[in-house]
>>> print(open('target-v6.pdb').read())   # PDB, C-alpha atoms
ATOM      1  CA  MET Q  28       0.000   0.000   0.000
ATOM      2  CA  ARG Q  29       2.714   2.380   0.939
ATOM      3  CA  ARG Q  30       4.669   1.494  -2.136
ATOM      4  CA  LEU Q  31       1.690   2.254  -4.255
ATOM      5  CA  ALA Q  32       1.307   5.649  -2.606
ATOM      6  CA  VAL Q  33       4.967   6.447  -3.231
ATOM      7  CA  LEU Q  34       4.632   5.369  -6.800
ATOM      8  CA  LEU Q  35       1.557   7.532  -7.241
ATOM      9  CA  CYS Q  36       3.375  10.473  -5.729
ATOM     10  CA  LEU Q  37       6.068  10.012  -8.305
ATOM     11  CA  ILE Q  38       3.794   9.551 -11.256
ATOM     12  CA  LEU Q  39       1.058  12.093 -10.604
ATOM     13  CA  PRO Q  40       3.193  15.205 -11.046
ATOM     14  CA  LEU Q  41       4.402  13.764 -14.308
ATOM     15  CA  TRP Q  42       0.827  13.390 -15.427
ATOM     16  CA  GLY Q  43       0.105  16.970 -14.471
ATOM     17  CA  TRP Q  44       3.137  18.069 -16.416
ATOM     18  CA  ALA Q  45       1.978  16.169 -19.471
ATOM     19  CA  GLU Q  46      -1.414  17.800 -19.182
ATOM     20  CA  GLU Q  47       0.197  21.204 -18.965
ATOM     21  CA  THR Q  48       2.424  20.743 -21.989
ATOM     22  CA  LYS Q  49      -0.567  19.461 -23.902
ATOM     23  CA  LEU Q  50      -2.437  22.635 -22.993
ATOM     24  CA  SER Q  51       0.460  24.857 -23.946
ATOM     25  CA  THR Q  52       0.971  23.126 -27.270
ATOM     26  CA  GLN Q  53      -2.714  23.636 -27.967
ATOM     27  CA  LEU Q  54      -2.278  27.295 -27.101
ATOM     28  CA  GLU Q  55       0.770  27.602 -29.323
ATOM     29  CA  GLN Q  56      -1.154  25.919 -32.106
ATOM     30  CA  ARG Q  57      -3.895  28.516 -31.883
ATOM     31  CA  VAL Q  58      -1.385  31.344 -31.698
ATOM     32  CA  LYS Q  59       0.271  29.952 -34.803
ATOM     33  CA  VAL Q  60      -2.955  29.638 -36.770
ATOM     34  CA  LEU Q  61      -4.010  33.175 -35.870
ATOM     35  CA  ALA Q  62      -0.567  34.617 -36.493
ATOM     36  CA  HIS Q  63      -0.643  33.135 -39.988
ATOM     37  CA  GLU Q  64      -3.836  35.054 -40.723
ATOM     38  CA  LEU Q  65      -2.446  38.424 -39.740
ATOM     39  CA  ARG Q  66      -0.122  40.677 -41.662
ATOM     40  CA  CYS Q  67       2.979  42.176 -40.136
ATOM     41  CA  LEU Q  68       2.745  45.899 -40.767
ATOM     42  CA  VAL Q  69       6.452  46.538 -40.706
ATOM     43  CA  CYS Q  70       7.386  43.998 -43.375
ATOM     44  CA  GLN Q  71       4.154  43.970 -45.254
ATOM     45  CA  ASN Q  72       4.418  40.783 -47.224
ATOM     46  CA  GLN Q  73       4.977  38.589 -44.224
ATOM     47  CA  THR Q  74       2.558  37.277 -41.666
ATOM     48  CA  ILE Q  75       3.035  37.949 -37.997
ATOM     49  CA  ALA Q  76       4.017  34.301 -37.694
ATOM     50  CA  ASP Q  77       6.816  34.586 -40.261
ATOM     51  CA  SER Q  78       8.219  37.921 -39.239
ATOM     52  CA  ASN Q  79      10.772  38.583 -36.572
ATOM     53  CA  ALA Q  80      10.160  42.307 -36.482
ATOM     54  CA  ASP Q  81       9.698  43.729 -32.992
ATOM     55  CA  LEU Q  82       6.089  44.550 -33.669
ATOM     56  CA  ALA Q  83       5.361  41.004 -34.866
ATOM     57  CA  VAL Q  84       6.878  39.591 -31.685
ATOM     58  CA  ASP Q  85       4.746  41.965 -29.610
ATOM     59  CA  LEU Q  86       1.618  41.094 -31.529
ATOM     60  CA  ARG Q  87       2.239  37.383 -31.131
ATOM     61  CA  ALA Q  88       2.556  37.996 -27.412
ATOM     62  CA  GLN Q  89      -0.720  39.918 -27.561
ATOM     63  CA  ILE Q  90      -2.437  36.988 -29.272
ATOM     64  CA  ARG Q  91      -1.097  34.550 -26.693
ATOM     65  CA  GLU Q  92      -2.199  36.789 -23.852
ATOM     66  CA  GLN Q  93      -5.680  37.233 -25.243
ATOM     67  CA  ILE Q  94      -6.155  33.532 -25.876
ATOM     68  CA  THR Q  95      -5.208  32.820 -22.282
ATOM     69  CA  ALA Q  96      -7.709  35.469 -21.262
ATOM     70  CA  GLY Q  97     -10.369  33.400 -23.044
ATOM     71  CA  LYS Q  98     -10.932  35.569 -26.113
ATOM     72  CA  THR Q  99     -12.267  33.929 -29.251
ATOM     73  CA  ASP Q 100     -10.351  34.017 -32.527
ATOM     74  CA  GLN Q 101     -12.854  36.483 -33.942
ATOM     75  CA  GLN Q 102     -12.460  38.797 -30.954
ATOM     76  CA  ILE Q 103      -8.705  38.770 -31.381
ATOM     77  CA  LYS Q 104      -8.988  39.528 -35.091
ATOM     78  CA  ASP Q 105     -11.405  42.360 -34.331
ATOM     79  CA  TYR Q 106      -8.891  43.721 -31.845
ATOM     80  CA  MET Q 107      -6.213  43.826 -34.538
ATOM     81  CA  VAL Q 108      -8.529  45.311 -37.163
ATOM     82  CA  ALA Q 109      -9.621  48.055 -34.744
ATOM     83  CA  ARG Q 110      -5.988  49.134 -34.456
ATOM     84  CA  TYR Q 111      -4.450  48.425 -37.817
ATOM     85  CA  GLY Q 112      -7.407  48.268 -40.191
ATOM     86  CA  ASP Q 113      -8.542  45.563 -42.603
ATOM     87  CA  PHE Q 114      -5.051  45.623 -44.060
ATOM     88  CA  VAL Q 115      -3.889  43.471 -41.178
ATOM     89  CA  LEU Q 116      -6.057  40.585 -42.386
ATOM     90  CA  TYR Q 117      -4.529  38.357 -45.012
ATOM     91  CA  ARG Q 118      -8.033  37.336 -46.084
ATOM     92  CA  PRO Q 119      -9.890  40.577 -46.677
ATOM     93  CA  PRO Q 120     -13.549  40.542 -45.601
ATOM     94  CA  VAL Q 121     -16.286  40.931 -48.200
ATOM     95  CA  GLN Q 122     -17.683  44.435 -47.770
ATOM     96  CA  SER Q 123     -18.627  47.408 -49.917
ATOM     97  CA  ASN Q 124     -15.065  48.530 -50.620
ATOM     98  CA  THR Q 125     -13.699  45.055 -51.295
ATOM     99  CA  VAL Q 126     -16.549  43.734 -53.454
ATOM    100  CA  LEU Q 127     -14.636  44.501 -56.629
ATOM    101  CA  LEU Q 128     -11.642  42.610 -55.302
ATOM    102  CA  TRP Q 129     -13.750  39.523 -54.706
ATOM    103  CA  VAL Q 130     -15.917  39.558 -57.829
ATOM    104  CA  ALA Q 131     -13.361  40.806 -60.362
ATOM    105  CA  PRO Q 132     -11.905  37.338 -61.080
ATOM    106  CA  PHE Q 133     -15.393  35.976 -61.768
ATOM    107  CA  LEU Q 134     -16.280  38.981 -63.917
ATOM    108  CA  LEU Q 135     -13.118  38.391 -65.922
ATOM    109  CA  LEU Q 136     -13.983  34.712 -66.258
ATOM    110  CA  ILE Q 137     -17.508  35.456 -67.454
ATOM    111  CA  GLY Q 138     -16.226  38.138 -69.822
ATOM    112  CA  GLY Q 139     -13.612  35.756 -71.213
ATOM    113  CA  LEU Q 140     -16.141  32.985 -71.737
ATOM    114  CA  GLY Q 141     -18.521  35.409 -73.440
ATOM    115  CA  PHE Q 142     -15.767  36.540 -75.776
ATOM    116  CA  LEU Q 143     -14.799  32.947 -76.518
ATOM    117  CA  PHE Q 144     -18.356  31.874 -77.358
ATOM    118  CA  ARG Q 145     -18.878  34.889 -79.574
ATOM    119  CA  GLN Q 146     -15.739  34.113 -81.504
ATOM    120  CA  MET Q 147     -16.786  30.475 -81.842
ATOM    121  CA  ALA Q 148     -20.209  31.468 -83.146
ATOM    122  CA  LYS Q 149     -18.593  33.804 -85.684
ATOM    123  CA  ARG Q 150     -16.364  31.033 -86.959
ATOM    124  CA  ARG Q 151     -19.229  28.620 -87.242
ATOM    125  CA  LYS Q 152     -20.951  31.066 -89.603
ATOM    126  CA  LEU Q 153     -17.916  31.047 -91.878
ATOM    127  CA  VAL Q 154     -18.317  27.354 -92.562
ATOM    128  CA  VAL Q 155     -20.950  27.045 -95.333
ATOM    129  CA  THR Q 156     -22.470  23.662 -96.046
ATOM    130  CA  ARG Q 157     -23.479  23.350 -99.673
ATOM    131  CA  ASN Q 158     -24.935  20.320-101.456
ATOM    132  CA  LEU Q 159     -23.056  19.103-104.486
ATOM    133  CA  SER Q 160     -24.630  19.517-107.878
ATOM    134  CA  SER Q 161     -25.312  16.365-109.962
ATOM    135  CA  ASP Q 162     -22.309  17.103-112.168
ATOM    136  CA  GLU Q 163     -20.039  17.323-109.184
ATOM    137  CA  LEU Q 164     -21.458  14.119-107.759
ATOM    138  CA  GLU Q 165     -20.685  12.241-110.954
ATOM    139  CA  GLN Q 166     -17.167  13.642-110.931
ATOM    140  CA  ALA Q 167     -16.687  12.568-107.350
ATOM    141  CA  ASP Q 168     -17.982   9.079-108.089
ATOM    142  CA  ALA Q 169     -15.616   8.761-111.001
ATOM    143  CA  LEU Q 170     -12.666   9.832-108.904
ATOM    144  CA  LEU Q 171     -13.568   7.477-106.113
ATOM    145  CA  GLN Q 172     -14.008   4.507-108.417
ATOM    146  CA  HIS Q 173     -10.759   5.290-110.131
ATOM    147  CA  SER Q 174      -8.874   5.397-106.865
ATOM    148  CA  THR Q 175     -10.460   2.184-105.506
ATOM    149  CA  SER Q 176      -9.676   0.247-108.678
ATOM    150  CA  ASN Q 177      -6.063   1.359-108.418
ATOM    151  CA  ASN Q 178      -5.920   0.555-104.797
ATOM    152  CA  THR Q 179      -3.127  -1.880-104.150
ATOM    153  CA  PRO Q 180      -1.584  -2.579-100.745
ATOM    154  CA  ASN Q 181       1.741  -1.083-101.896
ATOM    155  CA  THR Q 182       0.482   2.386-102.670
ATOM    156  CA  THR Q 183      -0.985   3.225 -99.351
ATOM    157  CA  SER Q 184       1.904   5.403 -98.427
TER     158      SER Q 184
ATOM    159  CA  MET S  30     -10.578  51.147 -86.971
ATOM    160  CA  GLY S  31     -12.782  49.312 -84.455
ATOM    161  CA  LYS S  32     -10.182  46.593 -84.364
ATOM    162  CA  PHE S  33      -7.700  48.876 -82.631
ATOM    163  CA  LEU S  34     -10.179  50.462 -80.280
ATOM    164  CA  VAL S  35     -10.386  47.489 -77.910
ATOM    165  CA  PRO S  36      -6.624  47.011 -77.328
ATOM    166  CA  LEU S  37      -6.251  50.774 -77.079
ATOM    167  CA  GLY S  38      -8.993  50.866 -74.454
ATOM    168  CA  ILE S  39      -7.342  48.086 -72.467
ATOM    169  CA  PHE S  40      -3.998  49.862 -72.704
ATOM    170  CA  VAL S  41      -5.434  53.155 -71.474
ATOM    171  CA  VAL S  42      -7.144  51.490 -68.493
ATOM    172  CA  LEU S  43      -3.937  49.650 -67.547
ATOM    173  CA  ALA S  44      -1.826  52.770 -67.972
ATOM    174  CA  VAL S  45      -4.146  54.759 -65.721
ATOM    175  CA  PHE S  46      -4.071  52.103 -62.985
ATOM    176  CA  LEU S  47      -0.321  51.603 -63.149
ATOM    177  CA  GLY S  48       0.284  55.343 -63.268
ATOM    178  CA  ARG S  49      -1.850  55.813 -60.181
ATOM    179  CA  GLY S  50       0.069  52.983 -58.510
ATOM    180  CA  LEU S  51       3.325  54.831 -59.042
ATOM    181  CA  SER S  52       2.179  57.766 -56.970
ATOM    182  CA  LEU S  53       0.841  55.681 -54.079
ATOM    183  CA  ASP S  54       2.949  54.672 -51.118
ATOM    184  CA  PRO S  55       2.210  51.080 -50.090
ATOM    185  CA  LYS S  56       3.680  51.840 -46.671
ATOM    186  CA  GLU S  57       0.875  54.309 -45.989
ATOM    187  CA  ILE S  58      -1.900  52.362 -44.372
ATOM    188  CA  PRO S  59      -5.070  54.295 -43.687
ATOM    189  CA  SER S  60      -5.584  54.207 -39.951
ATOM    190  CA  PRO S  61      -8.950  52.915 -38.787
ATOM    191  CA  LEU S  62      -8.509  55.161 -35.745
ATOM    192  CA  ILE S  63      -9.193  58.403 -37.609
ATOM    193  CA  ASP S  64     -12.372  59.987 -36.227
ATOM    194  CA  LYS S  65     -12.397  57.454 -33.389
ATOM    195  CA  PRO S  66     -11.789  58.317 -29.741
ATOM    196  CA  ALA S  67      -8.135  58.088 -28.780
ATOM    197  CA  PRO S  68      -7.432  54.894 -26.825
ATOM    198  CA  MET S  69      -7.591  55.190 -23.061
ATOM    199  CA  PHE S  70      -4.308  54.985 -21.261
ATOM    200  CA  SER S  71      -2.726  55.975 -18.000
ATOM    201  CA  LEU S  72       1.045  55.766 -17.832
ATOM    202  CA  SER S  73       3.834  57.390 -15.919
ATOM    203  CA  GLN S  74       5.711  60.362 -17.247
ATOM    204  CA  LEU S  75       9.156  59.818 -18.659
ATOM    205  CA  ASP S  76      10.988  62.120 -16.277
ATOM    206  CA  LYS S  77       8.630  61.692 -13.329
ATOM    207  CA  PRO S  78       8.003  57.965 -12.763
ATOM    208  CA  ASP S  79       5.572  58.695  -9.926
ATOM    209  CA  GLN S  80       3.342  61.016 -11.922
ATOM    210  CA  MET S  81       0.722  59.483 -14.117
ATOM    211  CA  ILE S  82      -0.622  60.980 -17.278
ATOM    212  CA  GLY S  83      -3.724  59.762 -19.098
ATOM    213  CA  THR S  84      -6.248  60.409 -21.820
ATOM    214  CA  GLN S  85      -8.670  61.888 -19.332
ATOM    215  CA  GLN S  86      -6.328  64.703 -18.290
ATOM    216  CA  LEU S  87      -5.730  65.755 -21.866
ATOM    217  CA  ARG S  88      -9.400  66.273 -22.664
ATOM    218  CA  GLY S  89     -10.647  69.743 -23.462
ATOM    219  CA  GLN S  90      -7.679  70.826 -25.549
ATOM    220  CA  VAL S  91      -6.345  70.121 -28.986
ATOM    221  CA  TRP S  92      -3.087  68.224 -28.653
ATOM    222  CA  ILE S  93      -0.531  66.435 -30.717
ATOM    223  CA  LEU S  94       0.796  63.012 -29.842
ATOM    224  CA  ASN S  95       4.201  62.224 -31.257
ATOM    225  CA  VAL S  96       5.456  58.660 -30.925
ATOM    226  CA  TRP S  97       9.221  58.550 -30.554
ATOM    227  CA  ALA S  98      12.095  56.523 -29.167
ATOM    228  CA  SER S  99      15.778  57.086 -28.597
ATOM    229  CA  TRP S 100      16.549  54.039 -30.753
ATOM    230  CA  CYS S 101      14.563  55.411 -33.650
ATOM    231  CA  VAL S 102      16.754  56.905 -36.362
ATOM    232  CA  ALA S 103      13.998  58.653 -38.287
ATOM    233  CA  CYS S 104      12.925  60.408 -35.072
ATOM    234  CA  ARG S 105      16.246  62.213 -35.124
ATOM    235  CA  ASP S 106      15.349  63.622 -38.537
ATOM    236  CA  GLU S 107      12.073  65.130 -37.510
ATOM    237  CA  HIS S 108      13.172  66.242 -34.060
ATOM    238  CA  PRO S 109      14.524  69.714 -34.910
ATOM    239  CA  LEU S 110      11.257  70.459 -36.691
ATOM    240  CA  LEU S 111       9.257  69.458 -33.627
ATOM    241  CA  VAL S 112      11.459  71.604 -31.388
ATOM    242  CA  GLU S 113      10.928  74.531 -33.720
ATOM    243  CA  PHE S 114       7.193  73.897 -33.933
ATOM    244  CA  SER S 115       6.829  73.606 -30.170
ATOM    245  CA  LYS S 116       8.404  77.027 -29.726
ATOM    246  CA  THR S 117       5.477  78.633 -31.552
ATOM    247  CA  GLY S 118       3.330  77.407 -28.670
ATOM    248  CA  VAL S 119       0.316  76.935 -30.922
ATOM    249  CA  VAL S 120      -0.492  73.489 -29.620
ATOM    250  CA  PRO S 121       0.930  71.257 -26.891
ATOM    251  CA  ILE S 122       2.910  68.290 -28.159
ATOM    252  CA  TYR S 123       2.914  65.201 -26.005
ATOM    253  CA  GLY S 124       5.494  62.501 -26.620
ATOM    254  CA  LEU S 125       4.798  58.817 -26.435
ATOM    255  CA  ASN S 126       8.148  57.321 -25.607
ATOM    256  CA  TYR S 127       7.679  53.950 -27.271
ATOM    257  CA  LYS S 128       9.516  50.803 -26.134
ATOM    258  CA  ASP S 129      12.398  52.735 -24.692
ATOM    259  CA  LYS S 130      14.365  52.992 -21.467
ATOM    260  CA  ARG S 131      14.178  56.043 -19.258
ATOM    261  CA  GLU S 132      17.892  56.758 -19.210
ATOM    262  CA  PRO S 133      18.690  56.904 -22.931
ATOM    263  CA  ALA S 134      15.374  58.620 -23.639
ATOM    264  CA  MET S 135      16.065  61.416 -21.164
ATOM    265  CA  ASN S 136      19.614  61.813 -22.462
ATOM    266  CA  TRP S 137      18.262  62.050 -25.960
ATOM    267  CA  LEU S 138      15.929  64.894 -25.004
ATOM    268  CA  GLN S 139      18.706  66.670 -23.164
ATOM    269  CA  GLN S 140      20.962  66.523 -26.187
ATOM    270  CA  LEU S 141      18.485  67.332 -28.916
ATOM    271  CA  GLY S 142      16.035  69.537 -27.085
ATOM    272  CA  ASN S 143      12.656  68.745 -25.606
ATOM    273  CA  PRO S 144       9.633  69.806 -27.641
ATOM    274  CA  TYR S 145       7.217  67.868 -25.445
ATOM    275  CA  THR S 146       4.920  69.289 -22.810
ATOM    276  CA  ALA S 147       5.318  65.854 -21.276
ATOM    277  CA  SER S 148       6.460  62.474 -22.462
ATOM    278  CA  ILE S 149       4.394  59.407 -21.741
ATOM    279  CA  PHE S 150       6.546  56.418 -20.923
ATOM    280  CA  ASP S 151       5.296  53.337 -22.762
ATOM    281  CA  GLU S 152       7.976  50.817 -21.938
ATOM    282  CA  ASN S 153       6.332  47.642 -23.238
ATOM    283  CA  GLY S 154       4.623  49.291 -26.190
ATOM    284  CA  ARG S 155       1.072  48.390 -25.174
ATOM    285  CA  VAL S 156      -0.298  51.871 -25.612
ATOM    286  CA  GLY S 157       1.570  52.006 -28.898
ATOM    287  CA  ILE S 158      -0.326  48.930 -30.066
ATOM    288  CA  ASP S 159      -3.595  50.557 -28.970
ATOM    289  CA  PHE S 160      -2.710  53.534 -31.157
ATOM    290  CA  GLY S 161      -1.933  51.167 -34.040
ATOM    291  CA  VAL S 162       1.708  52.236 -34.102
ATOM    292  CA  TYR S 163       3.801  50.287 -36.579
ATOM    293  CA  GLY S 164       6.436  52.689 -37.816
ATOM    294  CA  VAL S 165       7.975  55.116 -35.368
ATOM    295  CA  PRO S 166       7.826  58.105 -35.549
ATOM    296  CA  GLU S 167       4.095  58.625 -35.815
ATOM    297  CA  THR S 168       2.139  61.770 -35.193
ATOM    298  CA  PHE S 169      -1.516  62.164 -34.218
ATOM    299  CA  VAL S 170      -3.695  65.240 -33.888
ATOM    300  CA  ILE S 171      -6.364  64.821 -31.225
ATOM    301  CA  ASP S 172      -9.247  67.240 -30.735
ATOM    302  CA  LYS S 173     -10.911  68.674 -27.642
ATOM    303  CA  GLN S 174     -13.286  65.717 -27.361
ATOM    304  CA  GLY S 175     -10.385  63.301 -27.440
ATOM    305  CA  VAL S 176     -11.041  62.155 -30.998
ATOM    306  CA  ILE S 177      -8.137  61.375 -33.330
ATOM    307  CA  ARG S 178      -8.414  63.618 -36.379
ATOM    308  CA  TYR S 179      -5.156  63.042 -38.213
ATOM    309  CA  LYS S 180      -2.334  60.574 -38.301
ATOM    310  CA  LYS S 181       1.007  60.616 -40.011
ATOM    311  CA  THR S 182       3.297  57.602 -40.127
ATOM    312  CA  GLY S 183       6.955  58.437 -40.501
ATOM    313  CA  PRO S 184       8.765  61.694 -39.843
ATOM    314  CA  VAL S 185       6.715  64.867 -40.162
ATOM    315  CA  THR S 186       7.932  67.285 -42.757
ATOM    316  CA  ARG S 187       7.887  71.063 -42.749
ATOM    317  CA  GLU S 188       5.355  70.847 -45.538
ATOM    318  CA  ALA S 189       3.068  68.511 -43.569
ATOM    319  CA  ILE S 190       3.161  70.893 -40.605
ATOM    320  CA  GLN S 191       2.497  73.998 -42.697
ATOM    321  CA  SER S 192      -0.107  72.653 -45.079
ATOM    322  CA  THR S 193      -1.939  70.046 -43.014
ATOM    323  CA  ILE S 194      -1.251  69.955 -39.292
ATOM    324  CA  LEU S 195      -1.284  73.677 -38.540
ATOM    325  CA  PRO S 196      -4.512  74.475 -40.459
ATOM    326  CA  LEU S 197      -6.199  71.434 -38.883
ATOM    327  CA  VAL S 198      -5.128  72.449 -35.369
ATOM    328  CA  LYS S 199      -6.349  76.007 -35.952
ATOM    329  CA  LYS S 200      -9.670  74.708 -37.199
ATOM    330  CA  LEU S 201     -10.090  72.340 -34.259
ATOM    331  CA  GLN S 202      -9.198  75.030 -31.753
ATOM    332  CA  GLY S 203     -12.028  77.033 -33.301
TER     333      GLY S 203
END
>>> encode(input="target-v6.pdb", output="structure tokens")
Amino acid sequence: MRRLAVLLCLILPLWGWAEETKLSTQLEQRVKVLAHELRCLVCQNQTIADSNADLAVDLRAQIREQITAGKTDQQIKDYMVARYGDFVLYRPPVQSNTVLLWVAPFLLLIGGLGFLFRQMAKRRKLVVTRNLSSDELEQADALLQHSTSNNTPNTTS
Amino acid sequence: MGKFLVPLGIFVVLAVFLGRGLSLDPKEIPSPLIDKPAPMFSLSQLDKPDQMIGTQQLRGQVWILNVWASWCVACRDEHPLLVEFSKTGVVPIYGLNYKDKREPAMNWLQQLGNPYTASIFDENGRVGIDFGVYGVPETFVIDKQGVIRYKKTGPVTREAIQSTILPLVKKLQG
């Protein structure tokens, strides 16, 4: 019994430690995901996660602090947007001043398809199907017969 | 004739967009804080660690907040201008000493002159983050109601003071 108690005393803290590291890796995971969504304003083509600028380090610390304080991801993003504007988001929200940004690729696609179909229709009109006259038919028959009668395996090339 | 109109049109549109792009500065990010109340803060003064200074105290006057640090090279550029501007006494300039240490900051002011009515000591940069600071120096104009009316990222120029800041301050002071 006593042995068991000693053993438990030895193991339990270890368990607690494992639990703690699991929690902190979860936290770091969330920090990482969020940091990848946010732009570093000093070096504008990097995310906060990629940048080592002072501000990026501070903002990562901010994210960590706010997660520990129980803020949701959206609340943290709102916090950043309130200070640095939509520019801080790597995925711009759909709103009146970004509508063009979001729909322009589709407009271009539709425009391109429209242009393509119009061109195809134009080309189709250029191809005129005309029935052969009786004279022409006879000529064709003659030619065909001539070529089949001459047809030997050696002349296929 | 019509054949050339379409490519010409496309060219003109592209040229206009690219030309406009040339004159824009991608480093200038419009601050979402314009026309919003200045963030609340209460921090100690740079030279008087036991005296607090906060948004509340600064209400009722038009004031300028200039974010600076002794480690900031560009701050050195704009500093003489600020000293000169402060001597006109038109508007109080408050400094936000951003992520700095008291010693070097105070030495800096002693050497280069002190244009600030008071400097707010923001050691860990938290208030800086609240003000959306990303490139020191930054300058804000805040009105009597405590609303931010103007922000400039980077060193202020004589031109910016003369043509933008001064007229705005005069207008806000009414």
>>> closest_residue(input="target-v6.pdb", among="Q:Pro132, Q:Gly141, Q:Pro120, Q:Gly112", to="chain S", atoms="only C-alpha atoms")
Q:Gly112
>>> atom_distance(input="target-v6.pdb", atom1="atom CA of S:Pro59", atom2="atom CA of Q:Leu68")
11.8 Å
>>> resolve_selection(input="target-v6.pdb", expression="the PyMOL selection byres ((chain S) within 12 of (chain Q))", output="VMD selection string")
chain S and resid 55 to 63 65 to 68 127 to 128 153 to 165 182 to 183
>>> write_last_selection(input="target-v6.pdb", atoms="C-alpha atoms", output="JSON list (two decimals), keeping the file's coordinate frame")
[["chain", "number", "residue", "atom", "x", "y", "z"],
["S", 55, "PRO", "CA", 2.21, 51.08, -50.09],
["S", 56, "LYS", "CA", 3.68, 51.84, -46.67],
["S", 57, "GLU", "CA", 0.88, 54.31, -45.99],
["S", 58, "ILE", "CA", -1.90, 52.36, -44.37],
["S", 59, "PRO", "CA", -5.07, 54.30, -43.69],
["S", 60, "SER", "CA", -5.58, 54.21, -39.95],
["S", 61, "PRO", "CA", -8.95, 52.92, -38.79],
["S", 62, "LEU", "CA", -8.51, 55.16, -35.74],
["S", 63, "ILE", "CA", -9.19, 58.40, -37.61],
["S", 65, "LYS", "CA", -12.40, 57.45, -33.39],
["S", 66, "PRO", "CA", -11.79, 58.32, -29.74],
["S", 67, "ALA", "CA", -8.14, 58.09, -28.78],
["S", 68, "PRO", "CA", -7.43, 54.89, -26.82],
["S", 127, "TYR", "CA", 7.68, 53.95, -27.27],
["S", 128, "LYS", "CA", 9.52, 50.80, -26.13],
["S", 153, "ASN", "CA", 6.33, 47.64, -23.24],
["S", 154, "GLY", "CA", 4.62, 49.29, -26.19],
["S", 155, "ARG", "CA", 1.07, 48.39, -25.17],
["S", 156, "VAL", "CA", -0.30, 51.87, -25.61],
["S", 157, "GLY", "CA", 1.57, 52.01, -28.90],
["S", 158, "ILE", "CA", -0.33, 48.93, -30.07],
["S", 159, "ASP", "CA", -3.60, 50.56, -28.97],
["S", 160, "PHE", "CA", -2.71, 53.53, -31.16],
["S", 161, "GLY", "CA", -1.93, 51.17, -34.04],
["S", 162, "VAL", "CA", 1.71, 52.24, -34.10],
["S", 163, "TYR", "CA", 3.80, 50.29, -36.58],
["S", 164, "GLY", "CA", 6.44, 52.69, -37.82],
["S", 165, "VAL", "CA", 7.98, 55.12, -35.37],
["S", 182, "THR", "CA", 3.30, 57.60, -40.13],
["S", 183, "GLY", "CA", 6.96, 58.44, -40.50]]
>>> closest_residue(input="target-v6.pdb", among="Q:His63, Q:Ser123, Q:Met28, Q:Leu37", to="Q:Ser78", atoms="only C-alpha atoms")
Q:His63
>>> atom_distance(input="target-v6.pdb", atom1="atom CA of S:Ile194", atom2="atom CA of S:Lys173")
15.2 Å
>>> resolve_selection(input="target-v6.pdb", expression="the PyMOL selection byres ((chain S and resi 101-118) around 8)", output="PyMOL selection string")
chain S and resi 97-100+119-122+141-145+165-166+183-187
>>> write_last_selection(input="target-v6.pdb", atoms="C-alpha atoms", output="short mmCIF file (atom, residue, chain, number, x, y, z; two decimals), keeping the file's coordinate frame")
data_model
loop_
_atom_site.label_atom_id
_atom_site.label_comp_id
_atom_site.auth_asym_id
_atom_site.auth_seq_id
_atom_site.Cartn_x
_atom_site.Cartn_y
_atom_site.Cartn_z
CA TRP S 97 9.22 58.55 -30.55
CA ALA S 98 12.10 56.52 -29.17
CA SER S 99 15.78 57.09 -28.60
CA TRP S 100 16.55 54.04 -30.75
CA VAL S 119 0.32 76.94 -30.92
CA VAL S 120 -0.49 73.49 -29.62
CA PRO S 121 0.93 71.26 -26.89
CA ILE S 122 2.91 68.29 -28.16
CA LEU S 141 18.48 67.33 -28.92
CA GLY S 142 16.04 69.54 -27.08
CA ASN S 143 12.66 68.74 -25.61
CA PRO S 144 9.63 69.81 -27.64
CA TYR S 145 7.22 67.87 -25.44
CA VAL S 165 7.98 55.12 -35.37
CA PRO S 166 7.83 58.10 -35.55
CA GLY S 183 6.96 58.44 -40.50
CA PRO S 184 8.76 61.69 -39.84
CA VAL S 185 6.72 64.87 -40.16
CA THR S 186 7.93 67.28 -42.76
CA ARG S 187 7.89 71.06 -42.75
#
>>> resolve_selection(input="target-v6.pdb", expression="the PyMOL selection byres ((chain S and resi 70) around 6)", output="PyMOL selection string")
chain S and resi 69+71+83-84
>>> residues_near_point(input="target-v6.pdb", point="(-5.1, 30.8, -37.8)", cutoff="12 Å", atoms="all atoms listed in the file", output="list in words")
Leu54, Glu55, Gln56, Arg57, Val58, Lys59, Val60, Leu61, Ala62, His63, Glu64, Leu65, Arg66, Thr74, Ile75, Ala76, Arg87, Ile90, Thr99, Asp100, Gln101, Ile103, Lys104, Leu116, Tyr117 and Arg118 of chain Q
>>> atom_distance(input="target-v6.pdb", atom1="atom CA of S:Thr168", atom2="atom CA of S:Leu94")
5.7 Å
>>> axis_aligned_box(input="target-v6.pdb", around="stretch 162-165 of chain Q", padding_each_side="8 Å", output="AutoDock Vina command-line options")
--center_x -21.2 --center_y 14.8 --center_z -110.0 --size_x 18.3 --size_y 21.1 --size_z 20.4
>>> residues_near_point(input="target-v6.pdb", point="(1.4, 57.6, -19.6)", cutoff="9 Å", atoms="all atoms listed in the file", output="PyMOL selection string")
chain S and resi 70-75+80-84+125+148-151+156
